[in-house]
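Here is the structure we will look at, set down as structure tokens.
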Amino acid sequence: MDKNGHAGNYYEDWQLGDEYVSMGRTLTTTDIETYTNYMGDYNPLYTDEEFAKREMYGTRIAPELLIHAISIGQVSQTRLFEGTMLGFVKVGIDFVNPVKPGDTIFTKGKFVEKKETVRKQQGIVNFYAEIMNQRGEIIMKSNQFIAIQKKNV
Amino acid sequence: MQYKIQGKYFEDWKVGDKFETSRRTITEADAVFFVGLSGDYNLLYTNEEFAKRTVFGTRIPHEFLVYSISSGLMNTTTYFDGTLISQKSHKNVEFAETVFNEDTIYAKVKVLEKNDMGKPDLGEIVFDVEIINQKGEVCIKGNRSYLIKKRKQTG
């Protein structure tokens with residue numbers, strides 16, 4: 001932990017080969033309800049069990065962006081970005097498999113590359129991340145370009 | 001009388017089709033909610049003393065709160081009601097301008113591509129989505145690909 005009480009890696013600290021793995025989180029119908037209510041996203045695939053039973057997955061599934069949000073939280077909880085993360089710059093996400101209530105997901109990520117920007121106090125770091133479920137299936141793949149604080153600025 | 005699926009089927013969309021969603025003001029309550037639900041307690045979103053010293057000058061609503069709200073706004077158009085199978089991908093999503101607390105945003109959407117995929121029950125539609133604030137600035141832009149039901153189903 002540095003003098004500001006931050007645990008996160010600075011831009012200079014990230015090296016090729018650095019990886020992280022998060023804790024798991026079990027997805028609940030409460031998560032789905034809370035998300036769909038707040039986002040106003042009442043698609044019956046997420047909110048209507050009778051409808052969803054007759055559809056492709058046989059039950060309500062989690063909205064994809066809810067899963068992505070949970071994944072971001074899992075990464076944050078590794079504390080590797082605490083106090084040094086200065087915002088998302090660019091992101092690409094592929095959703096591969098759905099998450100059903102009761103599934104447990106975790107995120108693993110890998111540092112890919114870093115690059116300088118016009119702002120002297122930060123640089124951009126590219127991470128590749130995958131979300132996996134308890135059966136070892138890939139749920140989501142993403143590339144995230146994130147602005148990271150530099151040291152001693 | 002029974003609920004009738006309102007969403008547009010794959011066949012109903014044409015490349016070049018455009019629509020705009022309604023507008024929503026991003027509030028501090030939304031921002032705090034999203035931190036709690038996602039579990040992303042990063043200081044940029046939660047610690048005003050920290051955030052004051054960044055280029056933003058203050059806490060900002062989570063970028064993915066804004067992005068998720070835009071997805072919700074797209075779904076309240078009812079164009080995807082009962083016909084969206086899943087979101088397949090979000091590509092080249094760029095966070096061009098910051099959305100701040102109390103900004104009002106909407107999504108401007110255009111159909112870029114239709115891919116039949118050779119399947120009887122679904123096809124892929126790629127949308128260009130711009131999230132625009134009350135000043136007319138494009139804050140977030142990118143493509144998103146949805147798997148949409150086909151009306152004519154064989155088998």
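Letters A, B, ... go to the chains of the structure tokens in the order shown; residues in each chain start at 1; ligands are counted from 1 in the same order.
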Which residues are near region 80-88 of chain A? Cut-off 10 Å, only C-alpha atoms, ignore same chain within fewer than 5 positions. Put them as a PyMOL selection string. (chain A and resi 1-2+4-11+14+20+75+122-125+144-151) or (chain B and resi 40-45+47+50-51+54-56+60+62-64+93-96+98)
Hey, can you spit out that residue selection with C-alpha atoms as a PDB file, in the first residue's frame?
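As a result, again_7.pdb now contains:
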```
ATOM      1  CA  MET A   1       0.000   0.000   0.000  1.00  0.00           C
ATOM      2  CA  ASP A   2       1.442   3.425  -0.926  1.00  0.00           C
ATOM      3  CA  ASN A   4      -2.079   7.527  -0.312  1.00  0.00           C
ATOM      4  CA  GLY A   5      -3.489   4.293   1.042  1.00  0.00           C
ATOM      5  CA  HIS A   6      -3.833   2.830  -2.451  1.00  0.00           C
ATOM      6  CA  ALA A   7      -3.034  -0.786  -3.136  1.00  0.00           C
ATOM      7  CA  GLY A   8      -3.231  -0.637  -6.936  1.00  0.00           C
ATOM      8  CA  ASN A   9      -0.442  -1.077  -9.448  1.00  0.00           C
ATOM      9  CA  TYR A  10       0.815   2.053 -11.143  1.00  0.00           C
ATOM     10  CA  TYR A  11       1.333   2.163 -14.915  1.00  0.00           C
ATOM     11  CA  TRP A  14       2.481  -3.766 -14.981  1.00  0.00           C
ATOM     12  CA  TYR A  20      -5.053 -12.017 -12.005  1.00  0.00           C
ATOM     13  CA  VAL A  75     -11.498  -7.251 -11.039  1.00  0.00           C
ATOM     14  CA  GLN A 122      -1.282   8.437 -17.032  1.00  0.00           C
ATOM     15  CA  GLY A 123      -0.805   5.718 -19.608  1.00  0.00           C
ATOM     16  CA  ILE A 124      -3.123   3.175 -21.184  1.00  0.00           C
ATOM     17  CA  VAL A 125      -2.989  -0.509 -20.298  1.00  0.00           C
ATOM     18  CA  GLN A 144     -10.208  -3.595 -21.974  1.00  0.00           C
ATOM     19  CA  PHE A 145      -8.082  -0.479 -22.520  1.00  0.00           C
ATOM     20  CA  ILE A 146      -7.853   1.355 -19.202  1.00  0.00           C
ATOM     21  CA  ALA A 147      -6.139   4.591 -18.167  1.00  0.00           C
ATOM     22  CA  ILE A 148      -3.718   3.983 -15.284  1.00  0.00           C
ATOM     23  CA  GLN A 149      -1.972   6.525 -13.077  1.00  0.00           C
ATOM     24  CA  LYS A 150       1.788   6.922 -13.366  1.00  0.00           C
ATOM     25  CA  LYS A 151       4.056   7.047 -10.309  1.00  0.00           C
TER      26      LYS A 151
ATOM     27  CA  ASP B  40     -16.581  -1.972  -8.399  1.00  0.00           C
ATOM     28  CA  TYR B  41     -15.678   0.324  -5.531  1.00  0.00           C
ATOM     29  CA  ASN B  42     -12.836   1.996  -7.346  1.00  0.00           C
ATOM     30  CA  LEU B  43     -12.053   5.419  -5.931  1.00  0.00           C
ATOM     31  CA  LEU B  44     -12.881   7.288  -9.127  1.00  0.00           C
ATOM     32  CA  TYR B  45     -16.519   6.392  -8.502  1.00  0.00           C
ATOM     33  CA  ASN B  47     -14.158   8.788  -3.169  1.00  0.00           C
ATOM     34  CA  PHE B  50      -9.507  11.199  -4.594  1.00  0.00           C
ATOM     35  CA  ALA B  51     -11.612  12.072  -7.635  1.00  0.00           C
ATOM     36  CA  THR B  54      -8.031  13.552 -11.190  1.00  0.00           C
ATOM     37  CA  VAL B  55      -8.735  15.101 -14.603  1.00  0.00           C
ATOM     38  CA  PHE B  56     -12.447  14.624 -13.919  1.00  0.00           C
ATOM     39  CA  ILE B  60     -18.010  10.138 -12.082  1.00  0.00           C
ATOM     40  CA  HIS B  62     -19.403   4.361 -13.714  1.00  0.00           C
ATOM     41  CA  GLU B  63     -18.899   4.217 -17.490  1.00  0.00           C
ATOM     42  CA  PHE B  64     -20.728   0.909 -17.569  1.00  0.00           C
ATOM     43  CA  VAL B  93     -16.780   0.751 -27.583  1.00  0.00           C
ATOM     44  CA  GLU B  94     -14.998   4.052 -27.043  1.00  0.00           C
ATOM     45  CA  PHE B  95     -15.485   6.334 -24.078  1.00  0.00           C
ATOM     46  CA  ALA B  96     -14.978   9.636 -25.859  1.00  0.00           C
ATOM     47  CA  THR B  98     -17.215  11.733 -19.752  1.00  0.00           C
TER      48      THR B  98
END
```
Asn126 (chain A) environment, 10 Å, only C-alpha atoms, sequence neighbours closer than 2 positions dropped, as a VMD selection string: chain A and resid 89 to 91 110 to 115 124 128 to 129 143 to 147
Selected residue of minimal separation from chain A among B:Gln6, B:Thr21, B:Ser68, B:Thr77, counting only C-alpha atoms: B:Ser68
Choose the residue, out of B:Ile125, B:Ile140, B:Leu37, B:Ile5, that has the smallest atom-to-atom separation from Ile67 (chain A); count only C-alpha atoms.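 Comparing B:Ile125, B:Ile140, B:Leu37, B:Ile5 against Ile67 (chain A), the winner is B:Leu37.
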Running DSSP on the backbone, which parts of region 11-148 of chain A land in strand (DSSP E), as an NGL selection string? :A and (19-21 or 25-26 or 85-95 or 104-116 or 122-133 or 138-148)
Give one line per residue of chain A that approaches chain B to at most 9 Å, naming the two atoms of the closest pair and their distance in Å to one decimal, counting only C-alpha atoms; sort by chain then ascending residue number and deliver it as a Markdown table.
```
| residue | atom | partner | partner_atom | distance |
| --- | --- | --- | --- | --- |
| A:Asp31 | CA | B:Leu37 | CA | 7.5 |
| A:Thr34 | CA | B:Leu37 | CA | 8.1 |
| A:Tyr35 | CA | B:Leu37 | CA | 7.7 |
| A:Thr36 | CA | B:Gly72 | CA | 7.9 |
| A:Tyr38 | CA | B:Asp30 | CA | 7.8 |
| A:Met39 | CA | B:Gly72 | CA | 5.0 |
| A:Gly40 | CA | B:Gly72 | CA | 5.1 |
| A:Asp41 | CA | B:Gly72 | CA | 4.4 |
| A:Tyr42 | CA | B:Asn75 | CA | 7.4 |
| A:Asn43 | CA | B:Asp81 | CA | 5.5 |
| A:Pro44 | CA | B:Gly82 | CA | 6.1 |
| A:Leu45 | CA | B:Gly82 | CA | 7.0 |
| A:Phe51 | CA | B:Gly82 | CA | 8.5 |
| A:Glu55 | CA | B:Ile85 | CA | 8.5 |
| A:Met56 | CA | B:Ile85 | CA | 7.8 |
| A:Pro63 | CA | B:Ser86 | CA | 8.3 |
| A:Glu64 | CA | B:Gln87 | CA | 6.6 |
| A:Leu65 | CA | B:Ser68 | CA | 6.3 |
| A:Leu66 | CA | B:Ser38 | CA | 7.8 |
| A:Ile67 | CA | B:Ser38 | CA | 8.7 |
| A:His68 | CA | B:Ser38 | CA | 8.5 |
| A:Ala69 | CA | B:Ser38 | CA | 5.0 |
| A:Ile70 | CA | B:Ser38 | CA | 4.5 |
| A:Ser71 | CA | B:Ser38 | CA | 7.5 |
| A:Ile72 | CA | B:Asp40 | CA | 6.2 |
| A:Gly73 | CA | B:Asp40 | CA | 3.9 |
| A:Gln74 | CA | B:Gly39 | CA | 6.8 |
| A:Val75 | CA | B:Asp40 | CA | 7.8 |
| A:Ser76 | CA | B:Asp40 | CA | 5.3 |
| A:Gln77 | CA | B:Asp40 | CA | 7.1 |
| A:Arg79 | CA | B:Asn42 | CA | 8.6 |
| A:Phe81 | CA | B:Asn42 | CA | 7.5 |
| A:Glu82 | CA | B:Asn42 | CA | 5.8 |
| A:Gly83 | CA | B:Leu43 | CA | 5.6 |
| A:Thr84 | CA | B:Leu43 | CA | 8.5 |
| A:Met85 | CA | B:Asn42 | CA | 7.5 |
| A:Leu86 | CA | B:Leu44 | CA | 6.7 |
| A:Gly87 | CA | B:Leu44 | CA | 7.7 |
| A:Phe88 | CA | B:Phe95 | CA | 6.7 |
| A:Val89 | CA | B:Phe95 | CA | 5.3 |
| A:Lys90 | CA | B:Glu94 | CA | 4.5 |
| A:Val91 | CA | B:Val93 | CA | 5.1 |
| A:Gly92 | CA | B:Lys91 | CA | 4.4 |
| A:Ile93 | CA | B:His90 | CA | 5.0 |
| A:Asp94 | CA | B:Ser89 | CA | 4.4 |
| A:Phe95 | CA | B:Lys88 | CA | 5.2 |
| A:Val96 | CA | B:Lys88 | CA | 7.3 |
| A:Pro98 | CA | B:Ser86 | CA | 8.4 |
```
Mind giving me the straight-line distance from CA of Ile61 (chain A) to CA of Cys139 (chain B) in Å, one decimal?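 Distance reported for this atom pair: 29.2 Å.
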Taking the DSSP assignment computed from this structure's backbone, write out as a PyMOL selection string all residues of region 14-150 of chain A that belong to alpha helix (DSSP H). chain A and resi 29-39+44-47+49-53+64-76
Distance in Å - CA of Lys120 (chain A) versus CA of Asn152 (chain A):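 We find that CA of Lys120 (chain A) and CA of Asn152 (chain A) lie 11.0 Å from each other.
Once Thr28 (chain A) and its same-chain neighbours fewer than 6 positions away are set aside, A:Ala62, A:Lys100, A:Pro101, A:Gly102, A:Asp103 remain within 9 Å of it when counting only C-alpha atoms.
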Those residues with C-alpha atoms, as a PDB file, in the first residue's frame please?
```pdb
ATOM      1  CA  ALA A  62     -28.778 -12.906 -16.564  1.00  0.00           C
ATOM      2  CA  LYS A 100     -28.341 -18.851 -15.255  1.00  0.00           C
ATOM      3  CA  PRO A 101     -29.414 -18.164 -11.654  1.00  0.00           C
ATOM      4  CA  GLY A 102     -27.346 -20.362  -9.342  1.00  0.00           C
ATOM      5  CA  ASP A 103     -24.275 -20.346 -11.615  1.00  0.00           C
TER       6      ASP A 103
END
```
Neighbouring residues of region 112-116 of chain B were defined as those with any atom within 12 Å, considering only C-alpha atoms; residues of the same chain fewer than 4 positions away were excluded. Please report them as a PyMOL selection string. chain B and resi 9-18+120-129+142-150
Would you please work out which residue, of A:Lys53, A:Glu116, A:Ile105, A:Gly58, is nearest to Val21 (chain A) when using only C-alpha atoms?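 Of A:Lys53, A:Glu116, A:Ile105, A:Gly58, the one nearest Val21 (chain A) is A:Ile105, counting only C-alpha atoms.
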